[in-house]
Amino acid sequence: MTAQIIDGNALSKQLRADVALRAAALYARGITPGLAVVLVGDSPASQVYVRNKIKACEDNGLHSVLEKYAATLSEADLLARVYALNNDPAIHGILVQLPLPAHIDAQKVIEAISPAKDVDGFHVASAGALMVGQPGFWPCTPYGCMKMLASIGYDLRGKHAVVIGRSNIVGKPMALMLLQKNATVTICHSATKDLKAMTLQADVIVAAVGKCNVLTADMVKPGAVVIDVGMNRNAEGKLCGDVDFDGVKEVAGYITPVPGGVGPMTITMLLINTLEAAERL
Ligand code: NAP
């Protein structure tokens with residue numbers, strides 16, 4: 001069996017066509033949806049992520065502002081910038097690129113962002129809203145994974161979903177979103193005793209670990225849906241996910257590739273959250 005590929009680039013293209021329509025409807029109301037991206041330090045990976053987000057805004061009719069600061073920026077000065085953006089009427093979404101330098105308390109900075117502009121969905125108010133099923137901004141990466149499942153018409157009701165990873169930005173919100181769609185959810189992490197025993201029971205597996213080949217073909221039930229969130233470099237420096245793609249695609253029913261899977265969807269959901277922030281005005 002060879003799995004069907006869930007193509008994140010193709011799905012993003014479809015969803016971004018709708019972004020353009022929604023942006024046009026906002027212009028007609030005199031509103032240009034705007035995203036501010038704040039980058040502290042010069043991490044090459046963060047610079048690439050930030051550049052891609054700004055370009056996606058430009059390509060899809062959203063106003064964007066990139067604020068770049070030296071790694072020596074103080075926490076107080078960063079907080080002051082966030083407060084200024086909270087009060088800037090041209091900005092509907094604020095994203096502070098993580099990780100931040102060690103001398104800055106990232107959680108404190110995230111909590112300083114107005115929940116109304118928290119398009120990354122990392123604020124405790126957004127996390128709480130997801131937890132209790134209230135409207136709020138969903139973190140872009142798991143939100144994108146849910147769109148990928150919806151794109152294949154997958155009904156999660158009564159299915160067993162196994163999420164590998166429990167970070168606040170991917171694993172935990174992913175599990176809550178799957179639960180909201182009536183899946184039975186298992187969350188695995190570094191202390192899970194027998195990961196394979198868990199994944200072999202899964203109808204859906206979401207891997208969000210950050211290590212190559214955490215999920216191999218012998219760990220996957222035939223026909224399962226496999227979503228690979230991982231973005232890693234292998235020993236040769238090549239981009240890879242958490243899933244052994246070549247092996248797992250022979251067993252799974254559906255699989256997302258890396259690159260071209262969850263990555264583009266994350267940026268698309270950021271655009272959608274920013275539009276939503278502007279539409280709520
Ligand atoms: P993270 O904060 O480092 O969390 C990793 C999780 O994996 C932790 O919960 C950890 O368990 C668990 N883990 C580590 N080793 C494990 C093992 N051997 N078996 C089972 N679980 C294990 O990472 P993250 O921020 O969630 O990101 C995960 C991956 O997704 C990374 O590769 C990241 O680059 C990628 N990512 C991609 C996108 C995208 O747009 N495509 C967006 C965000 C993240 P403990 O909690 O016990 O430590």
# chains A, B, ... in the order shown; residues from 1 in each chain; ligands from 1
>>> closest_atom_pairs(of="chain A", to="ligand 1", cutoff="9 Å", atoms="only C-alpha atoms and all ligand atoms", output="CSV")
residue,atom,partner,partner_atom_place_in_ligand_line,distance
A:Tyr49,CA,ligand 1,40 (O),9.0
A:Cys140,CA,ligand 1,40 (O),7.9
A:Thr141,CA,ligand 1,42 (C),5.4
A:Pro142,CA,ligand 1,42 (C),8.3
A:Gly144,CA,ligand 1,40 (O),8.6
A:Val163,CA,ligand 1,21 (N),9.0
A:Ile164,CA,ligand 1,21 (N),5.4
A:Gly165,CA,ligand 1,6 (C),3.6
A:Arg166,CA,ligand 1,9 (O),3.7
A:Ser167,CA,ligand 1,26 (O),4.5
A:Asn168,CA,ligand 1,26 (O),7.1
A:Ile169,CA,ligand 1,26 (O),6.0
A:Val170,CA,ligand 1,26 (O),4.8
A:Gly171,CA,ligand 1,26 (O),5.8
A:Lys172,CA,ligand 1,9 (O),8.6
A:Ile187,CA,ligand 1,21 (N),9.0
A:Cys188,CA,ligand 1,20 (C),5.7
A:His189,CA,ligand 1,21 (N),3.4
A:Ser190,CA,ligand 1,22 (C),3.8
A:Ala191,CA,ligand 1,47 (O),5.5
A:Thr192,CA,ligand 1,20 (C),6.4
A:Lys193,CA,ligand 1,19 (N),8.9
A:Leu195,CA,ligand 1,19 (N),6.7
A:Ala207,CA,ligand 1,29 (C),7.7
A:Ala208,CA,ligand 1,28 (C),4.1
A:Val209,CA,ligand 1,7 (O),3.5
A:Gly210,CA,ligand 1,32 (O),3.1
A:Lys211,CA,ligand 1,32 (O),6.3
A:Cys212,CA,ligand 1,32 (O),8.3
A:Val214,CA,ligand 1,18 (N),6.5
A:Asp228,CA,ligand 1,41 (N),7.9
A:Val229,CA,ligand 1,30 (O),4.8
A:Gly230,CA,ligand 1,32 (O),3.5
A:Met231,CA,ligand 1,32 (O),4.0
A:Asn232,CA,ligand 1,32 (O),5.2
A:Arg233,CA,ligand 1,32 (O),8.9
A:Cys240,CA,ligand 1,32 (O),8.7
A:Gly241,CA,ligand 1,32 (O),6.8
A:Asp242,CA,ligand 1,32 (O),6.9
A:Val258,CA,ligand 1,41 (N),8.2
A:Pro259,CA,ligand 1,41 (N),8.3
A:Gly261,CA,ligand 1,41 (N),7.4
A:Val262,CA,ligand 1,41 (N),4.8
A:Gly263,CA,ligand 1,41 (N),3.7
A:Pro264,CA,ligand 1,40 (O),6.9
A:Met265,CA,ligand 1,40 (O),7.1
A:Thr266,CA,ligand 1,40 (O),4.8
A:Ile267,CA,ligand 1,40 (O),7.3
>>> select_by_dssp(residues="segment 53-145 of chain A", states="helix (DSSP H, G or I)", output="number ranges by chain")
A: 53-59, 75-86, 106-112, 115-117, 124-132, 140-145
>>> closest_atom_pairs(of="segment 40-150 of chain A", to="segment 8-11 of chain A", cutoff="12 Å", atoms="only C-alpha atoms", output="tab-separated table")
residue	atom	partner	partner_atom	distance
A:Thr141	CA	A:Gly8	CA	11.7
A:Gly144	CA	A:Gly8	CA	8.9
A:Cys145	CA	A:Gly8	CA	9.3
A:Met146	CA	A:Gly8	CA	11.7
A:Lys147	CA	A:Leu11	CA	8.6
A:Met148	CA	A:Gly8	CA	7.4
A:Leu149	CA	A:Leu11	CA	10.9
A:Ala150	CA	A:Leu11	CA	10.6
>>> write_last_selection(atoms="N, CA and C atoms", output="PDB file, in the first residue's frame")
ATOM      1  N   THR A 141       0.047  25.849  14.106  1.00  0.00           N
ATOM      2  CA  THR A 141       0.512  24.543  13.614  1.00  0.00           C
ATOM      3  C   THR A 141      -0.539  23.447  13.824  1.00  0.00           C
ATOM      4  N   GLY A 144      -3.464  24.066  11.570  1.00  0.00           N
ATOM      5  CA  GLY A 144      -3.166  23.634  10.188  1.00  0.00           C
ATOM      6  C   GLY A 144      -3.313  22.122  10.027  1.00  0.00           C
ATOM      7  N   CYS A 145      -2.894  21.381  11.050  1.00  0.00           N
ATOM      8  CA  CYS A 145      -3.048  19.908  10.992  1.00  0.00           C
ATOM      9  C   CYS A 145      -4.531  19.537  10.925  1.00  0.00           C
ATOM     10  N   MET A 146      -5.364  20.256  11.690  1.00  0.00           N
ATOM     11  CA  MET A 146      -6.804  19.975  11.655  1.00  0.00           C
ATOM     12  C   MET A 146      -7.373  20.261  10.262  1.00  0.00           C
ATOM     13  N   LYS A 147      -6.895  21.320   9.628  1.00  0.00           N
ATOM     14  CA  LYS A 147      -7.357  21.635   8.265  1.00  0.00           C
ATOM     15  C   LYS A 147      -6.928  20.527   7.291  1.00  0.00           C
ATOM     16  N   MET A 148      -5.757  19.963   7.538  1.00  0.00           N
ATOM     17  CA  MET A 148      -5.289  18.875   6.659  1.00  0.00           C
ATOM     18  C   MET A 148      -6.197  17.656   6.810  1.00  0.00           C
ATOM     19  N   LEU A 149      -6.594  17.360   8.040  1.00  0.00           N
ATOM     20  CA  LEU A 149      -7.510  16.225   8.249  1.00  0.00           C
ATOM     21  C   LEU A 149      -8.861  16.521   7.605  1.00  0.00           C
ATOM     22  N   ALA A 150      -9.321  17.760   7.742  1.00  0.00           N
ATOM     23  CA  ALA A 150     -10.616  18.128   7.138  1.00  0.00           C
ATOM     24  C   ALA A 150     -10.536  18.020   5.609  1.00  0.00           C
TER      25      ALA A 150
END
>>> residues_around(residues="Ala3 of chain A", least_positions_apart="6", cutoff="12 Å", atoms="only C-alpha atoms", output="ChimeraX atom specification")
/A:217,220,222-227,245-257
>>> write_last_selection(atoms="C-alpha atoms", output="mmCIF file, in the first residue's frame")
data_model
loop_
_atom_site.group_PDB
_atom_site.id
_atom_site.type_symbol
_atom_site.label_atom_id
_atom_site.label_comp_id
_atom_site.auth_asym_id
_atom_site.auth_seq_id
_atom_site.Cartn_x
_atom_site.Cartn_y
_atom_site.Cartn_z
ATOM 1 C CA ALA A 217 6.854 1.764 9.464
ATOM 2 C CA VAL A 220 2.068 2.286 12.188
ATOM 3 C CA PRO A 222 -2.018 -0.152 8.031
ATOM 4 C CA GLY A 223 -4.177 2.667 6.655
ATOM 5 C CA ALA A 224 -3.511 5.124 9.513
ATOM 6 C CA VAL A 225 -3.296 8.862 8.850
ATOM 7 C CA VAL A 226 0.163 10.208 9.695
ATOM 8 C CA ILE A 227 0.769 13.931 10.206
ATOM 9 C CA PHE A 245 8.617 9.012 5.270
ATOM 10 C CA ASP A 246 9.849 6.397 2.791
ATOM 11 C CA GLY A 247 9.053 3.505 5.120
ATOM 12 C CA VAL A 248 5.816 4.819 6.648
ATOM 13 C CA LYS A 249 4.255 5.772 3.304
ATOM 14 C CA GLU A 250 4.154 2.057 2.442
ATOM 15 C CA VAL A 251 1.914 1.356 5.463
ATOM 16 C CA ALA A 252 -0.120 4.518 6.117
ATOM 17 C CA GLY A 253 -3.328 5.504 4.330
ATOM 18 C CA TYR A 254 -2.419 9.198 4.261
ATOM 19 C CA ILE A 255 0.815 10.980 5.086
ATOM 20 C CA THR A 256 2.122 14.557 5.109
ATOM 21 C CA PRO A 257 5.558 15.208 3.593
#
>>> residues_around(residues="Asn182 of chain A", least_positions_apart="6", cutoff="10 Å", atoms="only C-alpha atoms", output="count of residues only")
8
>>> select_by_dssp(residues="segment 20-155 of chain A", states="strand (DSSP E)", output="PyMOL selection string")
chain A and resi 34-40+63-69+93-96
>>> closest_residue(among="A:Gly61, A:His92, A:Pro139, A:Leu39", to="Arg22 of chain A", atoms="only C-alpha atoms")
A:Gly61
>>> closest_residue(among="A:His103, A:Lys238, A:Lys221, A:His63", to="Pro33 of chain A", atoms="only C-alpha atoms")
A:His63
>>> residues_around(residues="Asn273 of chain A", least_positions_apart="4", cutoff="8 Å", atoms="only C-alpha atoms", output="VMD selection string")
chain A and resid 93 119 to 120 137 to 138 140 269 277
>>> residues_around(residues="Glu67 of chain A", least_positions_apart="4", cutoff="10 Å", atoms="only C-alpha atoms", output="PDB file with N, CA and C atoms, in the first residue's frame")
ATOM      1  N   ALA A  36       2.140  42.334  12.862  1.00  0.00           N
ATOM      2  CA  ALA A  36       3.480  42.758  13.289  1.00  0.00           C
ATOM      3  C   ALA A  36       4.256  41.530  13.730  1.00  0.00           C
ATOM      4  N   VAL A  37       5.463  41.391  13.194  1.00  0.00           N
ATOM      5  CA  VAL A  37       6.331  40.286  13.572  1.00  0.00           C
ATOM      6  C   VAL A  37       7.552  40.878  14.264  1.00  0.00           C
ATOM      7  N   VAL A  38       7.820  40.400  15.466  1.00  0.00           N
ATOM      8  CA  VAL A  38       8.944  40.938  16.241  1.00  0.00           C
ATOM      9  C   VAL A  38      10.011  39.859  16.357  1.00  0.00           C
ATOM     10  N   LEU A  39      11.216  40.211  15.920  1.00  0.00           N
ATOM     11  CA  LEU A  39      12.329  39.256  15.956  1.00  0.00           C
ATOM     12  C   LEU A  39      13.442  39.842  16.832  1.00  0.00           C
ATOM     13  N   VAL A  40      13.854  39.086  17.816  1.00  0.00           N
ATOM     14  CA  VAL A  40      14.956  39.537  18.678  1.00  0.00           C
ATOM     15  C   VAL A  40      16.125  38.575  18.473  1.00  0.00           C
ATOM     16  N   ARG A  81       7.626  47.559  23.489  1.00  0.00           N
ATOM     17  CA  ARG A  81       7.252  47.447  22.062  1.00  0.00           C
ATOM     18  C   ARG A  81       5.928  46.687  21.918  1.00  0.00           C
ATOM     19  N   VAL A  96       5.518  37.397  18.285  1.00  0.00           N
ATOM     20  CA  VAL A  96       6.905  37.531  18.756  1.00  0.00           C
ATOM     21  C   VAL A  96       7.574  36.193  18.459  1.00  0.00           C
TER      22      VAL A  96
END
>>> closest_residue(among="A:Ala175, A:Lys68, A:Gly237, A:Val162", to="Ala202 of chain A", atoms="only C-alpha atoms")
A:Val162
